[in-house]
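Below is the file query.cif, which contains mmCIF, C-alpha atoms.
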```cif
data_data
loop_
_atom_site.label_atom_id
_atom_site.label_comp_id
_atom_site.auth_asym_id
_atom_site.auth_seq_id
_atom_site.Cartn_x
_atom_site.Cartn_y
_atom_site.Cartn_z
CA MET A 282 111.60 52.29 1.43
CA SER A 283 114.79 52.49 3.42
CA VAL A 284 115.24 54.71 6.48
CA PRO A 285 118.11 57.20 6.09
CA ALA A 286 121.20 55.81 7.80
CA ASN A 287 121.93 58.98 9.74
CA ILE A 288 118.53 58.92 11.50
CA VAL A 289 118.90 55.27 12.51
CA SER A 290 122.38 55.83 13.92
CA GLU A 291 121.30 58.98 15.78
CA GLU A 292 118.37 57.24 17.50
CA SER A 293 120.43 54.16 18.32
CA THR A 294 123.22 56.11 20.07
CA ILE A 295 121.14 58.06 22.59
CA ILE A 296 122.98 57.87 25.91
CA PRO A 297 120.79 56.63 28.79
CA ASN A 298 120.03 59.38 31.30
CA GLY A 299 121.16 57.30 34.30
CA SER A 300 124.61 58.91 34.64
CA GLY A 301 123.08 62.37 34.56
CA ALA A 302 120.46 61.36 37.12
CA ALA A 303 123.23 60.05 39.40
CA ALA A 304 125.10 63.36 39.15
CA ILE A 305 121.91 65.34 39.83
CA LEU A 306 120.66 63.37 42.83
CA SER A 307 124.10 63.02 44.44
CA ALA A 308 124.66 66.79 44.16
CA GLY A 309 121.41 67.34 46.05
CA ILE A 310 122.49 64.86 48.73
CA GLY A 311 125.96 66.44 49.01
CA SER A 312 124.41 69.89 49.40
CA ILE A 313 121.97 68.88 52.11
CA ALA A 314 124.83 67.11 53.89
CA VAL A 315 126.72 70.43 54.12
CA ALA A 316 123.67 72.04 55.74
CA ILE A 317 122.92 69.14 58.12
CA PHE A 318 126.54 68.85 59.28
CA ALA A 319 126.70 72.63 59.84
CA ILE A 320 123.56 72.50 62.03
CA ALA A 321 124.79 69.39 63.89
CA ALA A 322 128.15 71.03 64.67
CA ASP A 323 126.39 74.17 65.81
CA LYS A 324 124.11 72.26 68.18
CA SER A 325 126.60 69.81 69.68
CA SER A 326 130.10 70.58 70.91
CA PHE A 327 130.91 66.87 70.62
CA VAL A 328 130.05 66.87 66.90
CA LYS A 329 131.84 70.20 66.50
CA ASN A 330 135.04 68.74 67.93
CA LEU A 331 134.70 65.64 65.74
CA PHE A 332 134.62 67.88 62.66
CA VAL A 333 137.82 69.76 63.49
CA PHE A 334 140.06 68.14 60.85
CA TYR A 335 142.24 71.22 60.44
CA LYS A 336 142.44 73.38 63.54
CA PRO A 337 142.92 76.83 61.92
CA THR A 338 139.68 76.35 59.95
CA GLY A 339 137.82 74.66 62.81
CA ALA A 340 134.73 72.49 62.34
CA LEU A 341 134.15 73.87 58.83
CA SER A 342 137.02 71.68 57.60
CA GLY A 343 135.34 68.46 58.73
CA GLU A 344 131.78 69.45 57.89
CA THR A 345 132.70 70.16 54.28
CA THR A 346 135.21 67.30 53.86
CA VAL A 347 132.73 64.68 55.09
CA ALA A 348 129.93 66.19 52.98
CA ILE A 349 132.15 66.13 49.87
CA LEU A 350 133.20 62.52 50.54
CA LEU A 351 129.55 61.55 51.03
CA TRP A 352 128.66 63.31 47.78
CA PHE A 353 131.39 61.50 45.81
CA ALA A 354 130.50 58.13 47.36
CA THR A 355 126.79 58.61 46.58
CA TRP A 356 127.64 59.73 43.05
CA ALA A 357 129.89 56.71 42.44
CA ILE A 358 127.29 54.23 43.76
CA LEU A 359 124.37 55.78 41.87
CA ASP A 360 126.41 56.04 38.67
CA TRP A 361 127.40 52.40 38.98
CA ARG A 362 123.75 51.38 39.45
CA TRP A 363 122.17 53.69 36.85
CA ARG A 364 124.86 54.16 34.17
CA LYS A 365 123.23 51.91 31.59
CA ARG A 366 119.65 52.66 32.54
CA THR A 367 117.06 55.22 31.62
CA VAL A 368 115.42 56.42 34.81
CA ALA A 369 112.43 58.65 35.56
CA LEU A 370 114.27 61.93 35.74
CA ARG A 371 111.44 64.31 36.59
CA PRO A 372 111.06 63.20 40.25
CA ILE A 373 114.85 62.96 40.63
CA ASN A 374 115.22 66.54 39.35
CA ALA A 375 112.47 67.70 41.70
CA VAL A 376 114.08 66.03 44.73
CA ALA A 377 117.59 67.26 43.88
CA LEU A 378 116.49 70.85 43.28
CA ALA A 379 114.40 70.75 46.47
CA LEU A 380 117.45 69.52 48.41
CA LEU A 381 119.59 72.30 46.94
CA GLY A 382 116.95 74.89 47.80
CA LEU A 383 116.59 73.47 51.29
CA SER A 384 120.36 73.62 51.74
CA LEU A 385 120.32 77.32 50.85
CA LEU A 386 117.67 77.89 53.52
CA LEU A 387 119.15 75.66 56.23
CA THR A 388 122.60 77.23 55.97
CA PHE A 389 120.98 80.63 56.67
CA PRO A 390 121.72 80.98 60.42
CA PRO A 391 118.30 82.28 61.62
CA ILE A 392 116.68 79.19 60.02
CA GLY A 393 119.42 76.75 61.06
CA ASP A 394 119.09 78.03 64.63
CA LEU A 395 115.44 76.92 64.75
CA PHE A 396 116.56 73.31 65.20
CA MET B 189 151.78 101.46 46.55
CA GLU B 190 151.79 98.48 48.88
CA ILE B 191 149.66 95.49 49.68
CA THR B 192 149.94 92.90 52.45
CA THR B 193 150.06 89.18 51.69
CA ARG B 194 146.70 88.64 53.44
CA SER B 195 145.08 91.42 51.43
CA LEU B 196 146.55 89.95 48.26
CA TRP B 197 145.08 86.52 49.01
CA THR B 198 141.71 88.12 49.79
CA LEU B 199 141.92 89.89 46.45
CA ILE B 200 142.79 86.66 44.62
CA HIS B 201 139.93 84.82 46.37
CA GLY B 202 137.23 87.46 46.00
CA MET B 203 138.08 89.66 43.04
CA GLY B 204 139.92 86.93 41.17
CA PHE B 205 138.22 83.56 41.48
CA GLY B 206 134.93 84.68 43.07
CA ALA B 207 134.06 87.64 40.87
CA LEU B 208 135.17 85.76 37.77
CA TYR B 209 132.88 82.89 38.78
CA LEU B 210 129.92 85.25 39.19
CA LEU B 211 130.55 86.74 35.75
CA ALA B 212 131.00 83.31 34.20
CA SER B 213 127.86 81.84 35.75
CA SER B 214 125.64 84.72 34.64
CA GLY B 215 127.09 84.21 31.15
CA ALA B 216 126.45 80.47 31.40
CA ILE B 217 122.79 81.00 32.25
CA VAL B 218 122.30 83.24 29.23
CA ALA B 219 124.18 80.74 27.02
CA LEU B 220 122.14 77.79 28.33
CA PHE B 221 118.86 79.61 27.92
CA ARG B 222 119.64 80.70 24.36
CA ARG B 223 121.08 77.31 23.47
CA TYR B 224 118.01 75.32 24.40
CA SER B 225 115.22 77.82 23.77
CA THR B 226 115.97 78.05 20.03
CA GLU B 227 116.58 75.38 17.41
CA PRO B 228 120.23 75.61 16.25
CA SER B 229 121.50 74.45 12.88
CA PRO B 230 123.35 71.07 12.92
CA GLN B 231 126.70 72.86 12.40
CA ASN B 232 126.09 75.26 15.30
CA GLN B 233 124.77 72.41 17.46
CA ALA B 234 128.07 70.47 17.64
CA GLY B 235 130.25 73.55 18.21
CA GLY B 236 127.82 74.99 20.76
CA ASP B 237 127.62 71.78 22.80
CA ARG B 238 131.41 71.44 22.85
CA PHE B 239 131.80 75.09 23.88
CA LEU B 240 129.23 74.67 26.66
CA GLY B 241 131.05 71.64 28.05
CA ILE B 242 134.41 73.45 28.02
CA TYR B 243 132.87 76.61 29.52
CA LEU B 244 131.27 74.77 32.46
CA SER B 245 134.44 72.69 32.92
CA ILE B 246 136.40 75.90 33.45
CA MET B 247 133.76 77.25 35.84
CA ALA B 248 133.95 74.15 38.09
CA PRO B 249 137.67 74.49 39.03
CA LEU B 250 137.09 78.23 39.46
CA ALA B 251 134.40 77.45 42.05
CA TRP B 252 136.66 74.92 43.78
CA LEU B 253 139.57 77.39 43.87
CA THR B 254 137.27 80.03 45.38
CA VAL B 255 136.02 77.84 48.25
CA LEU B 256 139.38 76.20 48.92
CA THR B 257 141.31 79.48 49.13
CA GLY B 258 138.50 80.96 51.22
CA THR B 259 138.26 78.04 53.64
CA TYR B 260 141.91 77.08 54.03
CA ILE B 261 143.86 80.31 53.44
CA ILE B 262 141.69 83.30 54.37
CA TYR B 263 139.23 81.89 56.91
CA PRO B 264 141.99 80.89 59.41
CA TRP B 265 143.25 84.52 59.38
CA TYR B 266 139.67 85.75 59.75
CA ARG B 267 138.81 83.56 62.74
CA ALA B 268 142.18 83.65 64.55
CA ALA B 269 141.69 84.34 68.25
CA PRO B 270 143.54 87.40 69.57
CA PRO B 271 145.95 86.96 72.49
CA LYS B 272 144.49 87.91 75.86
CA ASP B 273 144.32 91.67 76.58
CA THR B 274 144.73 92.59 72.90
CA VAL B 275 143.47 96.14 72.45
CA ASN B 276 143.87 96.58 68.69
CA LEU B 277 141.68 93.95 67.02
CA GLY B 278 142.54 95.18 63.51
CA VAL B 279 144.13 91.89 62.39
CA TYR B 280 141.46 89.73 64.08
CA PRO B 281 138.38 90.43 61.91
CA ARG B 282 136.02 87.98 63.62
CA SER B 283 136.78 89.35 67.06
CA LEU B 284 136.60 92.90 65.77
CA LEU B 285 133.11 92.34 64.34
CA LEU B 286 131.86 90.59 67.48
CA SER B 287 133.23 93.34 69.73
CA HIS B 288 130.51 95.79 68.69
CA PRO B 289 126.72 95.28 68.49
CA ALA B 290 126.59 97.34 65.30
CA THR B 291 128.86 94.91 63.45
CA SER B 292 128.37 91.56 65.22
CA GLN B 293 125.59 90.42 62.86
CA TRP B 294 127.98 90.66 59.94
CA HIS B 295 129.73 87.69 61.50
CA LEU B 296 126.77 85.92 63.11
CA ILE B 297 124.65 85.97 59.97
CA GLY B 298 126.98 87.05 57.16
CA MET B 299 130.04 84.91 57.75
CA GLU B 300 128.11 81.98 59.24
CA TRP B 301 125.98 81.81 56.07
CA LYS B 302 128.79 82.56 53.64
CA GLU B 303 131.16 79.89 54.94
CA HIS B 304 128.60 77.14 54.32
CA VAL B 305 126.51 78.34 51.39
CA ALA B 306 129.65 78.84 49.30
CA TRP B 307 130.25 75.08 49.34
CA LEU B 308 127.01 74.46 47.45
CA VAL B 309 128.52 76.25 44.45
CA PRO B 310 131.25 73.75 43.45
CA ILE B 311 128.90 70.84 44.13
CA ALA B 312 126.19 72.22 41.83
CA ILE B 313 128.50 73.39 39.03
CA THR B 314 130.60 70.19 39.03
CA ALA B 315 127.42 68.18 38.48
CA ALA B 316 126.37 70.61 35.73
CA ALA B 317 129.79 70.40 34.03
CA PHE B 318 129.69 66.60 34.18
CA ILE B 319 126.27 66.52 32.49
CA ALA B 320 127.35 69.01 29.81
CA ILE B 321 130.43 66.94 28.96
CA ARG B 322 128.91 63.48 29.32
CA TYR B 323 125.87 64.21 27.19
CA ALA B 324 127.14 67.03 24.92
CA ARG B 325 125.24 66.59 21.60
CA ASP B 326 122.89 64.11 23.24
CA LEU B 327 121.43 66.81 25.50
CA LYS B 328 118.96 67.65 22.74
CA HIS B 329 117.27 64.32 23.51
CA HIS B 330 117.08 64.93 27.28
CA SER B 331 114.84 67.84 28.22
CA GLN B 332 114.98 66.96 31.94
CA LEU B 333 118.79 66.99 31.92
CA ARG B 334 118.70 70.40 30.23
CA SER B 335 116.34 71.67 32.94
CA ALA B 336 118.65 70.34 35.65
CA LEU B 337 121.65 71.96 33.94
CA LEU B 338 119.93 75.33 33.95
CA GLY B 339 118.61 74.89 37.50
CA PHE B 340 121.97 73.88 38.94
CA THR B 341 123.78 76.74 37.22
CA ALA B 342 121.16 79.23 38.47
CA ILE B 343 121.39 77.92 42.05
CA SER B 344 125.19 78.06 41.90
CA LEU B 345 124.96 81.70 40.77
CA PHE B 346 122.54 82.50 43.61
CA ALA B 347 124.72 80.81 46.26
CA ALA B 348 127.85 82.46 44.85
CA GLY B 349 126.04 85.80 44.92
CA ILE B 350 125.22 85.38 48.63
CA ALA B 351 128.82 84.43 49.41
CA GLY B 352 130.17 87.25 47.28
CA PHE B 353 127.90 89.88 48.81
CA PHE B 354 128.78 88.94 52.39
CA GLY B 355 132.44 88.57 51.48
CA ALA B 356 132.49 92.14 50.19
CA MET B 357 130.57 93.49 53.22
CA LEU B 358 132.75 91.62 55.70
CA ASP B 359 135.88 92.91 54.03
CA LYS B 360 134.44 96.42 54.17
CA ASN B 361 133.67 96.19 57.90
CA ALA B 362 136.64 94.15 59.06
CA PRO B 363 139.21 93.46 56.33
CA VAL B 364 141.55 90.50 56.56
CA ASP B 365 144.88 92.25 56.73
CA GLY B 366 148.41 91.70 57.93
CA GLY B 367 151.38 89.57 57.00
CA GLN B 368 154.28 90.70 54.89
CA THR B 369 154.04 93.93 52.96
CA ILE B 370 154.57 93.73 49.22
CA GLN B 371 155.65 96.93 47.53
CA LEU B 372 153.94 97.16 44.15
CA ILE B 373 155.17 100.58 43.02
CA LYS B 374 157.72 102.69 44.83
CA GLY B 375 156.61 106.24 45.62
CA GLU B 376 158.52 109.33 44.45
#
```

When written as structure tokens, how does the structure in this file appear?
Amino acid sequence: MSVPANIVSEESTIIPNGSGAAAILSAGIGSIAVAIFAIAADKSSFVKNLFVFYKPTGALSGETTVAILLWFATWAILDWRWRKRTVALRPINAVALALLGLSLLLTFPPIGDLF
Amino acid sequence: MEITTRSLWTLIHGMGFGALYLLASSGAIVALFRRYSTEPSPQNQAGGDRFLGIYLSIMAPLAWLTVLTGTYIIYPWYRAAPPKDTVNLGVYPRSLLLSHPATSQWHLIGMEWKEHVAWLVPIAITAAAFIAIRYARDLKHHSQLRSALLGFTAISLFAAGIAGFFGAMLDKNAPVDGGQTIQLIKGE
């Protein structure tokens, strides 16, 4: 008995989840970088001055630019490593969503000021 | 009927890009939930996946436009330091808010949170748009990717909601105003 051709082709063309995992984890890392850089600039005038890339916007310009560059770099590296692989996505999802949630909390000034 | 250039940019940033993003992301969450909580027919599957990819791909630039106009056009006007001995702080919103204990927390908590939390939105929705486009019809095989798609879109809506709420309240307490006046309709 032959297997219907459409089922065989569908199963054989499943895209590995590696690219998606790279996008998910790097987004979590980029988000936490925004929060960490914001806290660092708030705590240290040296760091704050380092992050002033565009004077009218102040340190926010550097904090976000460096975080975005870090996000893209992480994404590119992870995508390059995982593109053709199927990875365990559940822990990656958990870590990425935890990092996003933590970023929401750490950017809230009363919490960020605790450090 | 007149509007200043700074007010116009605030309007474009908040009521244009920002509010549109909030509407779009609440729609996206409903669409994602309905899409993956029911079993669509094969015909609807292909069209629905394509639509979802296009929809999230439009939301991502909208989020980027919101944060970029906010950070690089409006925020410099908001945080500009007034010249020494300035009495009228009307065109210096940050200083105006900080000058009174009743309004200072709008800057110290509101703006300080808004200026950073808003940047989580384009990061989250760009990742979501990438997944929706990259996997499209294949998403039906990846339950964890679908969960991440929904989670990222929901977090982007939440972060955008925080930024939007404080943006509206800041503009109510100390609007960004000034610049050239644009006459929209001439009075009689």

Exercise answer, chain B residues close to chain A, 6 Å and all atoms listed in the file, as a PDB file with C-alpha atoms, in the coordinates of the input:
```
ATOM      1  CA  PRO B 264     141.990  80.890  59.410  1.00  0.00           C
ATOM      2  CA  ILE B 297     124.650  85.970  59.970  1.00  0.00           C
ATOM      3  CA  TRP B 301     125.980  81.810  56.070  1.00  0.00           C
ATOM      4  CA  LEU B 308     127.010  74.460  47.450  1.00  0.00           C
ATOM      5  CA  ILE B 311     128.900  70.840  44.130  1.00  0.00           C
ATOM      6  CA  ALA B 315     127.420  68.180  38.480  1.00  0.00           C
ATOM      7  CA  ILE B 319     126.270  66.520  32.490  1.00  0.00           C
TER       8      ILE B 319
END
```

Atom pair atom CA of B:Tyr260 / atom CA of B:Asp365: separation (Å):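 Atom-to-atom, atom CA of B:Tyr260 to atom CA of B:Asp365, that is 15.7 Å.
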
What's the 10 Å shell around stretch 193-204 of chain B, counting all atoms listed in the file, without same-chain residues fewer than 6 positions away, as a PDB file with C-alpha atoms, in the coordinates of the input?
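Written output follows (around_34.pdb):
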```
ATOM      1  CA  LEU B 250     137.090  78.230  39.460  1.00  0.00           C
ATOM      2  CA  LEU B 253     139.570  77.390  43.870  1.00  0.00           C
ATOM      3  CA  THR B 254     137.270  80.030  45.380  1.00  0.00           C
ATOM      4  CA  VAL B 255     136.020  77.840  48.250  1.00  0.00           C
ATOM      5  CA  LEU B 256     139.380  76.200  48.920  1.00  0.00           C
ATOM      6  CA  THR B 257     141.310  79.480  49.130  1.00  0.00           C
ATOM      7  CA  GLY B 258     138.500  80.960  51.220  1.00  0.00           C
ATOM      8  CA  ILE B 261     143.860  80.310  53.440  1.00  0.00           C
ATOM      9  CA  ILE B 262     141.690  83.300  54.370  1.00  0.00           C
ATOM     10  CA  TYR B 263     139.230  81.890  56.910  1.00  0.00           C
ATOM     11  CA  TRP B 265     143.250  84.520  59.380  1.00  0.00           C
ATOM     12  CA  TYR B 266     139.670  85.750  59.750  1.00  0.00           C
ATOM     13  CA  VAL B 279     144.130  91.890  62.390  1.00  0.00           C
ATOM     14  CA  ALA B 351     128.820  84.430  49.410  1.00  0.00           C
ATOM     15  CA  GLY B 352     130.170  87.250  47.280  1.00  0.00           C
ATOM     16  CA  GLY B 355     132.440  88.570  51.480  1.00  0.00           C
ATOM     17  CA  ALA B 356     132.490  92.140  50.190  1.00  0.00           C
ATOM     18  CA  ASP B 359     135.880  92.910  54.030  1.00  0.00           C
ATOM     19  CA  PRO B 363     139.210  93.460  56.330  1.00  0.00           C
ATOM     20  CA  VAL B 364     141.550  90.500  56.560  1.00  0.00           C
ATOM     21  CA  ASP B 365     144.880  92.250  56.730  1.00  0.00           C
ATOM     22  CA  GLY B 366     148.410  91.700  57.930  1.00  0.00           C
ATOM     23  CA  GLY B 367     151.380  89.570  57.000  1.00  0.00           C
ATOM     24  CA  GLN B 368     154.280  90.700  54.890  1.00  0.00           C
ATOM     25  CA  THR B 369     154.040  93.930  52.960  1.00  0.00           C
ATOM     26  CA  ILE B 370     154.570  93.730  49.220  1.00  0.00           C
TER      27      ILE B 370
END
```

Gap from atom CA of B:Ser213 to atom CA of B:Glu300 - Å, one decimal: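 Atom CA of B:Glu300 lies 23.5 Å from atom CA of B:Ser213.
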
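Atom to atom, atom CA of B:Val218 and atom CA of B:Gly339 stand 12.3 Å apart.
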
Padding of 8 Å on every side, edges along x, y and z, all listed atoms of stretch 372-377 of chain A included: what centre and edge lengths in Å, to one decimal, does that box have, as AutoDock Vina command-line options?
```
--center_x 114.3 --center_y 65.3 --center_z 42.0 --size_x 22.5 --size_y 20.7 --size_z 21.4
```

Selection under test: the PyMOL selection byres ((chain B and resi 354) around 12); residues as number ranges by chain: B: 202, 206, 293-306, 347-353, 355-362
